[in-house]
Amino acid sequence: MAAGTHLKTIEQRLLWLSHWMIHNANHVRPKVDGIKTGGHQASSASMVSIITALYFSALRPEDRVAVKPHASPVFHAMQYLMGNQTREKLEAFRGLGGAQSYPSRTKDADDVDFSTGSVGLGVGITALASLVQDFIAAKDWGRDIAAGRMVALVGDAELDEGNVYEVLQEGWKNGLRNTWWIIDYNRQSLDGIVREGLFERVEKIFAAFGWEVVRVKYGALQRAAFDEPGGGALRDWIDACPNVEYAALTYMGGAVWRQRLMDDLGDQGDVTALIERRSDAELAALMENLGGNCVATMAETFAAIDHDRPTCFLAYTIKGWGTPIAGHKDNHGGLMTKAQMAEWQAHMGVPAGREWEPFATVANLGALKDFLARVPFFAAGRRRFGVARLAVPAIAVDGSREISTQTAFGKILDDLARGDSDLAARILTTSPDVTGTTGLGPWVNRRGLFARAAQKDAFIEHRIPSTAKWNFAPGGQHLELGIAEMNLFLLLGAAGLAHSLWGKRLIPVGTVYDPFVCRGLDALNYACYQDARFLIAGTPSGVTLAPEGGAHQSVGTPLIGLSQDGLAAFEPAFADELAVIMAWAFDYLQRDGEGDPDERTWLRDETGGSVYLRLTTKPLEQPGKRGDDAFRQGAIDGAYWLRRPGPNAEVVIAYQGAVADEAIAAAGMIGETRRDIGVLAVTSADRLNAGWTAAQRERARGNAAARSHAETLLGALPRHCSIVTVIDGHPATLAWLGAVAGHRTVSHGVEHFGQTGTIGDLYRHFGIDRQAIARSVRALTAGAR
């Protein structure tokens, strides 16, 4: 009973603090921009009982939670109550340096497990994180982890997101366990009321994929009323009442509830007596006492789960519960007015001037603080681990005369698979049903596929020849996914946080057909936003994938690599470049520095991040053995001179990726008459551009000596020199190079959907072949003369 009293006290404190935080941001704090700050008061209110019961009763330190984005004020208020968040940050909620609009691992001071904000993704990552947890626990080096539940607090409208159902299927295939999804079933979204009967169908979907579904519909007050004479009729009325009607009656309050119930159920003796025994306020409290708004009921429900099967809780709630805007269909983005807040403040018993005090209304503070000190979830303090870096072994360079970057990528991983390095033991590879066609086959053949229970390959058992020798076992290091790129990036995001969540570093490596990076782009951005660390290879890429046609040919992905924060994008042309980049990348994934800029390049490489490789299936003749520092460092920094320009250079050809042979051939075609021509091998337009813009910012701050790698490469060119760029991708990727030192530039690339054909046909069609490059060079130099 004492615990229940404390939970109720905490619930009311969180309800007040979360709403005051939002009110302060919108009505008290100076309104600089003259627009609403927002904060989702109603969505916070519907979650407050669930969050209280979950964190203060059910969770353990090893459990991890993705908080419903619109409930972030409740989460911040809870951390403030526990001393893990400051008043200054709450007062600056949704302001610069304040508590974030949605929980953020990287930008919030409080203990956020998974960032949320893009609805549906926080839901899905918990299931993929559970699979990663099983992957780690099955390894000799990971058996000492404390396995926890992966919990998602879900808004019912989030279930409109398709990725949620993709995750359900993937979880079923991989034996998902230790996962809770708690659905705030308030039956209201931004634009209206959830359709009748939806959740009967949702329940069937969850059940079909092996989830236990727990309905939490009635609170303690309602269940007690149902036991009274006439209570059965009241329950039947509640069950039959349409969502929109229930919401409207809630908003109108106790007197209207009474009139409606008497109209529908009056003159039935016991039912009439049940209604008349209660005042208007008591009747309203009864009708709004749905299971998800009853902290005692939620605590009892959580405590009753004694298994590790995935569980979905359908918690019925009132949106805006406990506030003057409860039930109104416009309350998703609505706010209490100043007058409403003043009235509600009096109702909540919060004295003027004590609005920010965590325990302003608590009578027996000593007993409550004693209870809080014993809450298991908070007992371990901040639940983030730090681990040492893994040494990067030597990365072999393939000696083939001709090889594609996709094949070279597979051979590098195969070489690592043959070795016994600690880094190789921590690699988790994954792919959305394109493992064999993206270069991962040899790695998987050596290291196996992961499953909690061993599964033999029937083709091996029956001695049927196959290039894929795939056994599933707990020691396997490849987690095969179905064709769903959202799941790929959610899995990479979860695995890329393993060092922080479980104290065990993983090196996640994923592959995907390059055009389908776009299908998982929201999840990729989400993974980068929470600073997950992984390597993703987009392959095959570009119109170089000629016979596949426009549906499989990527055009805009180089621009994604250029613009995506937290992701260093490379497009090497040669195997030795790829080997240098991958050796650097395996270390870069593990860095966690202060982010001070490197004065050599002005890149913040000590911060670390994830890496994107854009690779191709087109074999190129290799340039021979190279090992000089200018080449190695240039490949990492973004570019190096494949052919250094002479002092009177009239033109430089700059290329990135698979069109290297066309650029080199074009330089040869015009080199007899223009001997000073230069050829710039760009391995990362992303890093070149980032260093250049960072150096410009530094000079604007007064450091005149700041000079980027791009400026070092191009700054010595004569002013009359022109630059011709070429890439199998959007020409804007390299078009900016002319602005570095003021050189006239012509950019070749692909701007439209491709079609089927040979590589030569498509290169000529899009003007990225050697003849087109040479024509541009001749036109530029002729014009210059």
# chains A, B, ... in the order shown; residues from 1 in each chain; ligands from 1
>>> closest_atom_pairs(of="stretch 413-503 of chain A", to="stretch 386-404 of chain A", cutoff="7 Å", atoms="only C-alpha atoms", output="CSV")
residue,atom,partner,partner_atom,distance
A:Ser421,CA,A:Pro393,CA,6.8
A:Asp422,CA,A:Leu390,CA,6.7
A:Leu423,CA,A:Leu390,CA,5.8
A:His499,CA,A:Val387,CA,6.3
A:Ser500,CA,A:Gly386,CA,6.2
A:Gly503,CA,A:Val387,CA,6.2
>>> write_last_selection(atoms="C-alpha atoms", output="compact mmCIF listing (two decimals), in the first residue's frame")
# COMPACT_ATOMS: atom_id res chain seq x y z
CA SER A 421 42.25 -10.58 -34.33
CA ASP A 422 40.07 -9.21 -31.55
CA LEU A 423 38.58 -6.79 -34.06
CA HIS A 499 29.76 -0.26 -26.48
CA SER A 500 27.55 2.18 -24.57
CA GLY A 503 29.89 -2.39 -22.48
>>> select_by_dssp(residues="stretch 94-339 of chain A", states="strand (DSSP E or B)", output="list of chain:residue names")
A:Met150, A:Val151, A:Ala152, A:Leu153, A:Val154, A:Gly155, A:Thr179, A:Trp180, A:Trp181, A:Ile182, A:Ile183, A:Asp184, A:Tyr185, A:Gln188, A:Ile193, A:Glu212, A:Val213, A:Val214, A:Arg215, A:Val216, A:Tyr218, A:Leu290, A:Thr311, A:Cys312, A:Phe313, A:Leu314, A:Ala315, A:Tyr316
>>> atom_distance(atom1="atom CA of A:Val151", atom2="atom CA of A:Leu96")
29.2 Å
>>> atom_distance(atom1="atom CA of A:Phe377", atom2="atom CA of A:Arg87")
22.0 Å
>>> select_by_dssp(residues="stretch 356-413 of chain A", states="alpha helix (DSSP H)", output="PyMOL selection string")
chain A and resi 365-373+405-413
>>> closest_atom_pairs(of="stretch 234-315 of chain A", to="stretch 35-46 of chain A", cutoff="10 Å", atoms="only C-alpha atoms", output="tab-separated table")
residue	atom	partner	partner_atom	distance
A:Gly292	CA	A:Ser46	CA	7.7
A:Asn293	CA	A:Ser46	CA	6.8
A:Ala315	CA	A:Ser46	CA	9.9
>>> write_last_selection(atoms="C-alpha atoms", output="PDB file, in the first residue's frame")
ATOM      1  CA  GLY A 292      -3.269   3.247 -18.674  1.00  0.00           C
ATOM      2  CA  ASN A 293      -4.179   6.207 -16.446  1.00  0.00           C
ATOM      3  CA  ALA A 315      -2.905   0.561 -22.313  1.00  0.00           C
TER       4      ALA A 315
END
>>> closest_residue(among="A:Ser101, A:Gln633, A:Gln85, A:Thr323", to="A:Ala583", atoms="only C-alpha atoms")
A:Gln633
